[in-house]
Structures are given as C-alpha cells and as structure tokens.
Amino acid sequence: MVSAALRDGSADRPCVFEVFARRLPSGRRYGVVAGTARVIEAVSAFRFGPDELSYLRTAGVVDEQTLDWLANYRFSGDIDGYAEGELFFPGSPILTVSGTFAECVVLETLILSVLNHDAAIAAAAARMVTAARGRPIIEMGSRRTHEEAAVAAARASYLAGFAATSNLAAGARYSIPTAGTAAHAFTLLHDDEPAAFAAQVAVLGPGTTLLVDTYDITTGIRNAVEVAGPKLGAVRIDSGDLSVLAGHARDLLDSLGATDTRIIVSGDLDEYSIAALAAEPVDGYGAGTAVVTGSGAPTAGLVYKLVEVAGKAVVKRSENKATVGGRKTAVRRHKPTGTAVEEIVAASCTPSSEPHDRALQRPFVRGGVVQDLPTLAESRDLLRQNLISIPWEGLKLSAGDPAVPVTVVTSGGS
C-alpha cells in the first residue's frame, strides 16, 4: 500500500484512522481500555533500521522509493483517545490517529497488537476483581503466555485492580508490587515437609506464605503452624475442591491458634470460580492462565479503520463490517447521581452538551510529540471509578447488553 501510495502521490494525503470494536466478546458487558501508554511509547520509537531495510530489500518486499521513505520514518501526526482505565463499548472511538496516509497506515499492526492484547487482559482482570469483592488477587500467569506478553499482562492486570504480580520484570519495569510463594518443587526437594517449611521460614520469617497441599493438606497445615507458629502469615492451597478445603483450613488454623493466618487459593481460577468462593473464608486469590489469556476472550476485537481523507468522511460498506465515516467525538452521559446512562459518539460534528457529560478523549501526541500521559496509578483509579459509575447490571458475569448504550449522531449538536 505504501509503495503504491508513494508512486501515485496519495501517501501524503491527510487522513484519520480510528480504533474501535464492532462488538464486545461474547458474554461481556464492557471493555477496558489498556495498553495506550505502551502504544504511545512504541509509536514514538517506531523506526526502520539497517537490518529491517536490508531484509525488505533482499526479500523484494518494497521498491527503493519506499525503502528511502521507510529509512526516514518518524511519526509526525496526532494521536487522541480514551485514557487507560476508561470503559469502552461497541463503536467507542478509543484511539484516533491523524497524519498522512502512509505514516498512519504502517502503524496498524503495531497499534492493534498492543491494544487488543492489553484490553483483553484488563477486561478479564476487571471481572475477576469485581468477583473477588475486595479480596486481593495476585497475577501469576507468566508461565502460561509469551515472555513479553507476560510482562504486559501483569501491567494490564494491575491496572484492572490486581494487588500484585509474581512477574519480577513487570515489577521492575512498571513499579508493580510483587508477591509469590514457594513452588511444590521446593517442598519435594527436602526430605520432608517440615524441613522445607523450616528452610523457608528461616529466610523469610513466620509472616511468609507456606504452600500446604504438596502431600496432605491437613497434615500440611499442621506442619506449617508447628514450624512457623501461630503468627504464620498465610497458607496457600493450589488444588482440590477449594470451597470445601478453605472452610476446613480455616477451622483447623483457628483450632491451632493461628486465627490471623490468611488463606490464599489458586489453581486455574477465573471470574466464575472466584465468584463461587465469595462465601468461603478465603483471604486472597492467585490467578494465572485465565487472566493472561483473557479468560476466554484473548483479543478485544479492536479494528483500525480509515474514516476521513482530506477532511472528507469515508466509509466501508462491506456486509457486517460497515463503518461510520468522519472523525468522532465522544462523551459519556451521567445521571446527577453519577451513574452512566449513555455514550454519545458524534461523527463529523459536535455532540450536544448536557450538565453531567464527561468528554472521553484526550490528546496523547501532537505533531509527533508525546503529551503528558496518565500514570499507571491514575489509570488504575480511573477504572475503579468507572466500574462504580456503570449500572449494577453491567457488572454481572452473565451475558447481557452492554452496560452503557452507545448512540452515534452524524449531524446536529452545539
């Protein structure tokens, strides 16, 4: 495309591309914007170096004119969008990229690969946080995904409200709290379970978390309290019927005087299994495979589409893939109580204003220069506030309509 556009002179035509979802994943009532800061960082650093150019030349992918253009590539346009931590719904224009056709179109795969992954993880994690009802969740899924995806998943999970991650690279890169426990291998390494527990307590103190289900859970809990004493920080159960075992563990810990010892459970937990444990004496969760794979929805289904060329709206009319042309402006409408009731998306016009509207888009890049971006902590707080603002039906784990309906207007307004 770029080669042809350079050849016919259309590469420099001013264009607007938008990122949006045509629909939410099956069973979901909202999406979570995540990965925007990573996108902006990636776009700012997007270059074609000697190795990339050499490959393109050797493979005959593009001509010399295009290679010269790529060698000098720097994004010089504008990017606007929803802040990380905003909710989105079908049709929400969560990212708007403006510039020449060529400089914008080469960013499609980069932008979508980041946003589709991070938004999918954040939505799954947010549902788990809701199901946990205030109990902390540790992200523990690094072994179930690509090594770089693991770091991004830890970030998205923390944005969504997880308390910590077991991924130290994410802790170092994004200042996310880290936590974890010993593995079963550590227990198996020692001659017996008490010896393994004693070795761990000797280094980490009695406030540590001991994994008690390598052999027999009842014996494991007894050994843990005997070694660490009644001030043992926590026990972790990673297998079995967690609903039954959590209750038995609580009774046994209390009978041994370890009344303040917390119970952490893990083992293929998703939002549904976490919700099923709501009435049990569980103090925290470890979530792995489900969260890093989007809990059944590994992509957010976002697309990147051209909506405006040289100030004129353009539309795609393909069956089931039609688009709404023109640059979009979006506001979320609220009741006086703060409950969100509607999202207004105006195409090539300005939406009418009401007292409790909140504009959803903000500038991220101007003329290729990155503007101030929200911190991860600010994005985390924004999502928490957004989840409070949607109608309670929108937090249900069952399938249903989007939590907030989207209305697209194409004319009128103030």
# chains A, B, ... in the order shown; residues from 1 in each chain; ligands from 1

call {"tool": "select_by_dssp", "arguments": {"residues": "region 175-328 of chain A", "states": "strand (DSSP E)", "output": "PyMOL selection string"}}
result
chain A and resi 209-211+234-237+262-266+284-287+302-309+312-313+328

call {"tool": "write_last_selection", "arguments": {"atoms": "N, CA, C and O atoms", "output": "compact mmCIF listing (two decimals), in the first residue's frame"}}
result
# COMPACT_ATOMS: atom_id res chain seq x y z
N THR A 209 4.21 -17.08 53.34
CA THR A 209 3.10 -17.94 52.92
C THR A 209 3.64 -19.32 52.61
O THR A 209 4.55 -19.47 51.79
N LEU A 210 3.09 -20.34 53.24
CA LEU A 210 3.55 -21.72 53.04
C LEU A 210 2.54 -22.49 52.19
O LEU A 210 1.33 -22.44 52.43
N LEU A 211 3.06 -23.19 51.18
CA LEU A 211 2.24 -24.00 50.29
C LEU A 211 1.98 -25.35 50.94
O LEU A 211 2.91 -26.13 51.16
N ALA A 234 0.41 -16.81 56.03
CA ALA A 234 -0.66 -17.36 55.19
C ALA A 234 -0.30 -18.78 54.75
O ALA A 234 0.86 -19.18 54.75
N VAL A 235 -1.34 -19.53 54.40
CA VAL A 235 -1.17 -20.81 53.73
C VAL A 235 -1.78 -20.68 52.34
O VAL A 235 -2.74 -19.94 52.13
N ARG A 236 -1.20 -21.41 51.41
CA ARG A 236 -1.73 -21.40 50.05
C ARG A 236 -2.18 -22.79 49.68
O ARG A 236 -1.47 -23.77 49.92
N ILE A 237 -3.40 -22.88 49.12
CA ILE A 237 -3.97 -24.14 48.64
C ILE A 237 -4.12 -24.02 47.13
O ILE A 237 -4.77 -23.09 46.63
N ARG A 262 -3.80 -16.08 57.05
CA ARG A 262 -4.68 -15.93 55.89
C ARG A 262 -4.66 -17.19 55.02
O ARG A 262 -3.70 -17.95 55.05
N ILE A 263 -5.72 -17.34 54.24
CA ILE A 263 -5.84 -18.47 53.32
C ILE A 263 -5.85 -17.92 51.90
O ILE A 263 -6.74 -17.14 51.52
N ILE A 264 -4.85 -18.33 51.12
CA ILE A 264 -4.75 -17.93 49.72
C ILE A 264 -5.02 -19.16 48.86
O ILE A 264 -4.47 -20.23 49.11
N VAL A 265 -5.88 -19.01 47.86
CA VAL A 265 -6.19 -20.13 46.99
C VAL A 265 -5.81 -19.80 45.55
O VAL A 265 -5.85 -18.64 45.13
N SER A 266 -5.43 -20.84 44.82
CA SER A 266 -5.07 -20.68 43.41
C SER A 266 -5.39 -21.98 42.70
O SER A 266 -5.86 -22.94 43.31
N GLY A 284 -7.50 -14.30 49.82
CA GLY A 284 -6.87 -13.80 48.62
C GLY A 284 -6.78 -14.89 47.58
O GLY A 284 -6.97 -16.08 47.88
N TYR A 285 -6.52 -14.48 46.34
CA TYR A 285 -6.51 -15.40 45.21
C TYR A 285 -5.23 -15.26 44.41
O TYR A 285 -4.62 -14.18 44.35
N GLY A 286 -4.84 -16.33 43.75
CA GLY A 286 -3.79 -16.29 42.75
C GLY A 286 -4.41 -16.69 41.43
O GLY A 286 -4.99 -17.78 41.32
N ALA A 287 -4.34 -15.81 40.42
CA ALA A 287 -4.94 -16.10 39.12
C ALA A 287 -3.84 -16.14 38.07
O ALA A 287 -2.97 -15.27 38.04
N LEU A 302 -10.60 -5.33 18.55
CA LEU A 302 -10.48 -3.96 18.07
C LEU A 302 -10.01 -3.94 16.62
O LEU A 302 -9.23 -4.79 16.19
N VAL A 303 -10.48 -2.94 15.87
CA VAL A 303 -10.08 -2.76 14.47
C VAL A 303 -9.57 -1.34 14.29
O VAL A 303 -9.81 -0.45 15.11
N TYR A 304 -8.83 -1.13 13.20
CA TYR A 304 -8.19 0.16 12.90
C TYR A 304 -8.65 0.55 11.50
O TYR A 304 -8.26 -0.08 10.51
N LYS A 305 -9.49 1.57 11.41
CA LYS A 305 -10.13 1.87 10.13
C LYS A 305 -9.97 3.33 9.73
O LYS A 305 -10.01 4.23 10.56
N LEU A 306 -9.80 3.54 8.43
CA LEU A 306 -9.73 4.87 7.86
C LEU A 306 -11.14 5.46 7.83
O LEU A 306 -12.06 4.86 7.28
N VAL A 307 -11.31 6.66 8.42
CA VAL A 307 -12.65 7.26 8.50
C VAL A 307 -12.72 8.63 7.85
O VAL A 307 -13.80 9.19 7.66
N GLU A 308 -11.54 9.20 7.51
CA GLU A 308 -11.55 10.54 6.93
C GLU A 308 -10.32 10.73 6.04
O GLU A 308 -9.21 10.33 6.41
N VAL A 309 -10.52 11.34 4.87
CA VAL A 309 -9.43 11.64 3.94
C VAL A 309 -9.58 13.09 3.50
O VAL A 309 -10.63 13.48 2.97
N LYS A 312 -12.73 14.83 4.41
CA LYS A 312 -13.98 14.24 3.94
C LYS A 312 -14.18 12.86 4.55
O LYS A 312 -13.27 12.03 4.54
N ALA A 313 -15.36 12.62 5.08
CA ALA A 313 -15.67 11.33 5.68
C ALA A 313 -15.66 10.24 4.61
O ALA A 313 -16.15 10.42 3.50
N LYS A 328 -14.59 11.12 15.04
CA LYS A 328 -15.59 11.03 16.10
C LYS A 328 -15.19 11.81 17.35
O LYS A 328 -14.01 11.90 17.70

call {"tool": "select_by_dssp", "arguments": {"residues": "region 2-177 of chain A", "states": "helix (DSSP H, G or I)", "output": "JSON, numbers by chain"}}
result
{"A": [2, 3, 4, 5, 6, 7, 8, 36, 37, 38, 39, 40, 41, 42, 43, 44, 50, 51, 52, 53, 54, 55, 56, 57, 58, 59, 64, 65, 66, 67, 68, 69, 70, 71, 101, 102, 103, 104, 105, 108, 109, 110, 111, 112, 113, 114, 115, 116, 117, 118, 119, 120, 121, 122, 123, 124, 125, 126, 127, 128, 129, 130, 131, 132, 142, 143, 144, 147, 148, 149, 150, 151, 152, 153, 154, 155, 156, 157, 158, 159, 168, 169, 170, 171, 172, 173, 174]}

call {"tool": "residues_around", "arguments": {"residues": "Gln65 (chain A)", "least_positions_apart": "3", "cutoff": "12 Å", "atoms": "only C-alpha atoms", "output": "list in words"}}
result
Val2, Ser3, Ala4, Ala5, Leu6, Arg7, Asp8, Leu53, Arg57, Val61, Val62, Asp68, Trp69, Leu70, Ala71 and Asn72 of chain A

call {"tool": "write_last_selection", "arguments": {"atoms": "N, CA, C and O atoms", "output": "PDB file, in the first residue's frame"}}
result
ATOM      1  N   VAL A   2       1.860   1.266   0.870  1.00  0.00           N
ATOM      2  CA  VAL A   2       2.698   2.460   0.954  1.00  0.00           C
ATOM      3  C   VAL A   2       3.420   2.700  -0.369  1.00  0.00           C
ATOM      4  O   VAL A   2       3.497   3.833  -0.855  1.00  0.00           O
ATOM      5  N   SER A   3       3.945   1.633  -0.976  1.00  0.00           N
ATOM      6  CA  SER A   3       4.652   1.782  -2.248  1.00  0.00           C
ATOM      7  C   SER A   3       3.740   2.376  -3.315  1.00  0.00           C
ATOM      8  O   SER A   3       4.133   3.303  -4.048  1.00  0.00           O
ATOM      9  N   ALA A   4       2.531   1.852  -3.395  1.00  0.00           N
ATOM     10  CA  ALA A   4       1.590   2.347  -4.402  1.00  0.00           C
ATOM     11  C   ALA A   4       1.182   3.788  -4.109  1.00  0.00           C
ATOM     12  O   ALA A   4       1.059   4.616  -5.026  1.00  0.00           O
ATOM     13  N   ALA A   5       0.982   4.097  -2.813  1.00  0.00           N
ATOM     14  CA  ALA A   5       0.581   5.454  -2.444  1.00  0.00           C
ATOM     15  C   ALA A   5       1.701   6.452  -2.708  1.00  0.00           C
ATOM     16  O   ALA A   5       1.461   7.587  -3.142  1.00  0.00           O
ATOM     17  N   LEU A   6       2.952   6.039  -2.483  1.00  0.00           N
ATOM     18  CA  LEU A   6       4.080   6.913  -2.794  1.00  0.00           C
ATOM     19  C   LEU A   6       4.190   7.144  -4.293  1.00  0.00           C
ATOM     20  O   LEU A   6       4.475   8.256  -4.753  1.00  0.00           O
ATOM     21  N   ARG A   7       3.942   6.081  -5.055  1.00  0.00           N
ATOM     22  CA  ARG A   7       4.066   6.173  -6.506  1.00  0.00           C
ATOM     23  C   ARG A   7       2.995   7.106  -7.096  1.00  0.00           C
ATOM     24  O   ARG A   7       3.308   7.915  -7.996  1.00  0.00           O
ATOM     25  N   ASP A   8       1.736   7.009  -6.599  1.00  0.00           N
ATOM     26  CA  ASP A   8       0.674   7.823  -7.210  1.00  0.00           C
ATOM     27  C   ASP A   8       0.448   9.160  -6.506  1.00  0.00           C
ATOM     28  O   ASP A   8      -0.432   9.925  -6.879  1.00  0.00           O
ATOM     29  N   LEU A  53      15.603  -2.729   6.872  1.00  0.00           N
ATOM     30  CA  LEU A  53      15.644  -2.258   5.492  1.00  0.00           C
ATOM     31  C   LEU A  53      16.359  -3.259   4.584  1.00  0.00           C
ATOM     32  O   LEU A  53      15.942  -3.486   3.433  1.00  0.00           O
ATOM     33  N   ARG A  57      14.714  -5.118   1.338  1.00  0.00           N
ATOM     34  CA  ARG A  57      15.348  -5.021   0.015  1.00  0.00           C
ATOM     35  C   ARG A  57      15.663  -6.413  -0.537  1.00  0.00           C
ATOM     36  O   ARG A  57      15.353  -6.726  -1.691  1.00  0.00           O
ATOM     37  N   VAL A  61      10.358  -6.964  -0.958  1.00  0.00           N
ATOM     38  CA  VAL A  61       9.019  -6.608  -0.466  1.00  0.00           C
ATOM     39  C   VAL A  61       8.584  -5.250  -0.998  1.00  0.00           C
ATOM     40  O   VAL A  61       7.423  -5.060  -1.370  1.00  0.00           O
ATOM     41  N   VAL A  62       9.518  -4.282  -1.024  1.00  0.00           N
ATOM     42  CA  VAL A  62       9.181  -2.932  -1.469  1.00  0.00           C
ATOM     43  C   VAL A  62      10.268  -2.416  -2.412  1.00  0.00           C
ATOM     44  O   VAL A  62      11.372  -2.972  -2.486  1.00  0.00           O
ATOM     45  N   ASP A  68      13.608   4.244   0.862  1.00  0.00           N
ATOM     46  CA  ASP A  68      14.098   5.563   1.261  1.00  0.00           C
ATOM     47  C   ASP A  68      13.116   6.230   2.219  1.00  0.00           C
ATOM     48  O   ASP A  68      13.519   6.876   3.200  1.00  0.00           O
ATOM     49  N   TRP A  69      11.843   6.076   1.933  1.00  0.00           N
ATOM     50  CA  TRP A  69      10.816   6.673   2.802  1.00  0.00           C
ATOM     51  C   TRP A  69      10.844   6.023   4.189  1.00  0.00           C
ATOM     52  O   TRP A  69      10.801   6.703   5.215  1.00  0.00           O
ATOM     53  N   LEU A  70      10.932   4.702   4.214  1.00  0.00           N
ATOM     54  CA  LEU A  70      10.963   3.991   5.492  1.00  0.00           C
ATOM     55  C   LEU A  70      12.214   4.336   6.307  1.00  0.00           C
ATOM     56  O   LEU A  70      12.156   4.435   7.537  1.00  0.00           O
ATOM     57  N   ALA A  71      13.318   4.547   5.634  1.00  0.00           N
ATOM     58  CA  ALA A  71      14.561   4.868   6.341  1.00  0.00           C
ATOM     59  C   ALA A  71      14.443   6.168   7.116  1.00  0.00           C
ATOM     60  O   ALA A  71      15.123   6.359   8.137  1.00  0.00           O
ATOM     61  N   ASN A  72      13.588   7.061   6.658  1.00  0.00           N
ATOM     62  CA  ASN A  72      13.411   8.361   7.312  1.00  0.00           C
ATOM     63  C   ASN A  72      12.119   8.449   8.115  1.00  0.00           C
ATOM     64  O   ASN A  72      11.723   9.537   8.520  1.00  0.00           O
TER      65      ASN A  72
END

call {"tool": "closest_residue", "arguments": {"among": "A:Val370, A:Leu115, A:Leu245, A:Leu387", "to": "Gly77 (chain A)", "atoms": "only C-alpha atoms"}}
result
A:Val370

call {"tool": "closest_atom_pairs", "arguments": {"of": "region 210-319 of chain A", "to": "region 153-167 of chain A", "cutoff": "9 Å", "atoms": "only C-alpha atoms", "output": "CSV"}}
result
residue,atom,partner,partner_atom,distance
A:Val291,CA,A:Ser157,CA,7.6
A:Val292,CA,A:Ala153,CA,5.7
A:Thr293,CA,A:Ala153,CA,8.8

call {"tool": "atom_distance", "arguments": {"atom1": "CA of Thr410 (chain A)", "atom2": "CA of Ala347 (chain A)"}}
result
4.9 Å

call {"tool": "atom_distance", "arguments": {"atom1": "CA of Val404 (chain A)", "atom2": "CA of Lys335 (chain A)"}}
result
12.3 Å

call {"tool": "residues_around", "arguments": {"residues": "Ala246 (chain A)", "least_positions_apart": "2", "cutoff": "9 Å", "atoms": "only C-alpha atoms", "output": "list in words"}}
result
Ile237, Asp241, Leu242, Ser243, Val244, His248, Ala249, Arg250, Asp251, Ile263, Ile264, Val265, Leu277, Glu280, Pro281 and Val282 of chain A

call {"tool": "write_last_selection", "arguments": {"atoms": "N, CA, C and O atoms", "output": "PDB file, in the first residue's frame"}}
result
ATOM      1  N   ILE A 237      -3.398 -22.883  49.120  1.00  0.00           N
ATOM      2  CA  ILE A 237      -3.968 -24.137  48.637  1.00  0.00           C
ATOM      3  C   ILE A 237      -4.123 -24.018  47.133  1.00  0.00           C
ATOM      4  O   ILE A 237      -4.767 -23.086  46.629  1.00  0.00           O
ATOM      5  N   ASP A 241     -11.020 -29.304  45.853  1.00  0.00           N
ATOM      6  CA  ASP A 241     -12.265 -28.549  45.932  1.00  0.00           C
ATOM      7  C   ASP A 241     -12.044 -27.378  46.874  1.00  0.00           C
ATOM      8  O   ASP A 241     -12.113 -27.512  48.102  1.00  0.00           O
ATOM      9  N   LEU A 242     -11.764 -26.207  46.319  1.00  0.00           N
ATOM     10  CA  LEU A 242     -11.363 -25.061  47.130  1.00  0.00           C
ATOM     11  C   LEU A 242     -12.468 -24.596  48.068  1.00  0.00           C
ATOM     12  O   LEU A 242     -12.173 -24.098  49.161  1.00  0.00           O
ATOM     13  N   SER A 243     -13.705 -24.738  47.677  1.00  0.00           N
ATOM     14  CA  SER A 243     -14.806 -24.332  48.554  1.00  0.00           C
ATOM     15  C   SER A 243     -14.799 -25.133  49.853  1.00  0.00           C
ATOM     16  O   SER A 243     -14.942 -24.591  50.945  1.00  0.00           O
ATOM     17  N   VAL A 244     -14.611 -26.443  49.715  1.00  0.00           N
ATOM     18  CA  VAL A 244     -14.592 -27.313  50.894  1.00  0.00           C
ATOM     19  C   VAL A 244     -13.297 -27.130  51.670  1.00  0.00           C
ATOM     20  O   VAL A 244     -13.304 -26.977  52.898  1.00  0.00           O
ATOM     21  N   HIS A 248     -12.404 -26.037  55.751  1.00  0.00           N
ATOM     22  CA  HIS A 248     -11.675 -26.948  56.633  1.00  0.00           C
ATOM     23  C   HIS A 248     -10.366 -26.310  57.103  1.00  0.00           C
ATOM     24  O   HIS A 248      -9.983 -26.446  58.283  1.00  0.00           O
ATOM     25  N   ALA A 249      -9.691 -25.619  56.196  1.00  0.00           N
ATOM     26  CA  ALA A 249      -8.429 -24.976  56.559  1.00  0.00           C
ATOM     27  C   ALA A 249      -8.641 -23.898  57.608  1.00  0.00           C
ATOM     28  O   ALA A 249      -7.856 -23.775  58.559  1.00  0.00           O
ATOM     29  N   ARG A 250      -9.710 -23.129  57.454  1.00  0.00           N
ATOM     30  CA  ARG A 250      -9.980 -22.078  58.429  1.00  0.00           C
ATOM     31  C   ARG A 250     -10.250 -22.668  59.807  1.00  0.00           C
ATOM     32  O   ARG A 250      -9.743 -22.189  60.834  1.00  0.00           O
ATOM     33  N   ASP A 251     -11.058 -23.700  59.849  1.00  0.00           N
ATOM     34  CA  ASP A 251     -11.364 -24.343  61.133  1.00  0.00           C
ATOM     35  C   ASP A 251     -10.093 -24.897  61.780  1.00  0.00           C
ATOM     36  O   ASP A 251      -9.879 -24.751  62.994  1.00  0.00           O
ATOM     37  N   ILE A 263      -5.719 -17.341  54.243  1.00  0.00           N
ATOM     38  CA  ILE A 263      -5.841 -18.466  53.315  1.00  0.00           C
ATOM     39  C   ILE A 263      -5.853 -17.922  51.898  1.00  0.00           C
ATOM     40  O   ILE A 263      -6.735 -17.139  51.523  1.00  0.00           O
ATOM     41  N   ILE A 264      -4.852 -18.326  51.124  1.00  0.00           N
ATOM     42  CA  ILE A 264      -4.748 -17.930  49.723  1.00  0.00           C
ATOM     43  C   ILE A 264      -5.024 -19.157  48.862  1.00  0.00           C
ATOM     44  O   ILE A 264      -4.472 -20.232  49.107  1.00  0.00           O
ATOM     45  N   VAL A 265      -5.878 -19.005  47.858  1.00  0.00           N
ATOM     46  CA  VAL A 265      -6.193 -20.135  46.994  1.00  0.00           C
ATOM     47  C   VAL A 265      -5.813 -19.802  45.547  1.00  0.00           C
ATOM     48  O   VAL A 265      -5.847 -18.641  45.126  1.00  0.00           O
ATOM     49  N   LEU A 277     -16.475 -18.658  45.235  1.00  0.00           N
ATOM     50  CA  LEU A 277     -15.810 -18.736  46.540  1.00  0.00           C
ATOM     51  C   LEU A 277     -16.139 -17.541  47.432  1.00  0.00           C
ATOM     52  O   LEU A 277     -15.551 -17.388  48.504  1.00  0.00           O
ATOM     53  N   GLU A 280     -16.856 -18.232  51.052  1.00  0.00           N
ATOM     54  CA  GLU A 280     -15.897 -19.071  51.784  1.00  0.00           C
ATOM     55  C   GLU A 280     -14.845 -18.205  52.489  1.00  0.00           C
ATOM     56  O   GLU A 280     -14.613 -17.059  52.098  1.00  0.00           O
ATOM     57  N   PRO A 281     -14.191 -18.749  53.505  1.00  0.00           N
ATOM     58  CA  PRO A 281     -13.198 -17.979  54.270  1.00  0.00           C
ATOM     59  C   PRO A 281     -11.860 -17.878  53.541  1.00  0.00           C
ATOM     60  O   PRO A 281     -10.816 -18.317  54.020  1.00  0.00           O
ATOM     61  N   VAL A 282     -11.910 -17.283  52.350  1.00  0.00           N
ATOM     62  CA  VAL A 282     -10.721 -17.081  51.528  1.00  0.00           C
ATOM     63  C   VAL A 282     -10.276 -15.635  51.686  1.00  0.00           C
ATOM     64  O   VAL A 282     -11.098 -14.716  51.650  1.00  0.00           O
TER      65      VAL A 282
END

call {"tool": "atom_distance", "arguments": {"atom1": "CA of Tyr73 (chain A)", "atom2": "CA of Gly368 (chain A)"}}
result
11.4 Å

call {"tool": "residues_around", "arguments": {"residues": "Met128 (chain A)", "least_positions_apart": "4", "cutoff": "8 Å", "atoms": "only C-alpha atoms", "output": "count of residues only"}}
result
7

call {"tool": "closest_residue", "arguments": {"among": "A:Val151, A:Val32, A:Ala300, A:Val314", "to": "Tyr174 (chain A)", "atoms": "only C-alpha atoms"}}
result
A:Val151

call {"tool": "residues_around", "arguments": {"residues": "Ala340 (chain A)", "least_positions_apart": "5", "cutoff": "8 Å", "atoms": "only C-alpha atoms", "output": "VMD selection string"}}
result
chain A and resid 332 to 335 389 to 391 404

call {"tool": "write_last_selection", "arguments": {"atoms": "N, CA and C atoms", "output": "short mmCIF file (atom, residue, chain, number, x, y, z; two decimals), in the first residue's frame"}}
result
data_model
loop_
_atom_site.label_atom_id
_atom_site.label_comp_id
_atom_site.auth_asym_id
_atom_site.auth_seq_id
_atom_site.Cartn_x
_atom_site.Cartn_y
_atom_site.Cartn_z
N ARG A 332 -19.56 10.75 27.63
CA ARG A 332 -20.39 9.82 28.39
C ARG A 332 -21.36 10.63 29.24
N ARG A 333 -22.62 10.27 29.13
CA ARG A 333 -23.69 11.00 29.80
C ARG A 333 -24.03 10.30 31.12
N HIS A 334 -24.26 11.09 32.18
CA HIS A 334 -24.50 10.55 33.51
C HIS A 334 -25.74 11.15 34.15
N LYS A 335 -26.31 10.41 35.05
CA LYS A 335 -27.36 10.95 35.91
C LYS A 335 -26.71 11.90 36.93
N SER A 389 -19.37 3.68 38.34
CA SER A 389 -20.34 4.55 37.68
C SER A 389 -21.33 3.81 36.80
N ILE A 390 -21.01 2.61 36.33
CA ILE A 390 -21.95 1.94 35.42
C ILE A 390 -23.08 1.29 36.21
N PRO A 391 -24.24 1.11 35.60
CA PRO A 391 -25.36 0.45 36.29
C PRO A 391 -24.93 -0.92 36.81
N VAL A 404 -23.47 0.25 29.04
CA VAL A 404 -23.85 1.61 28.65
C VAL A 404 -24.11 1.60 27.13
#
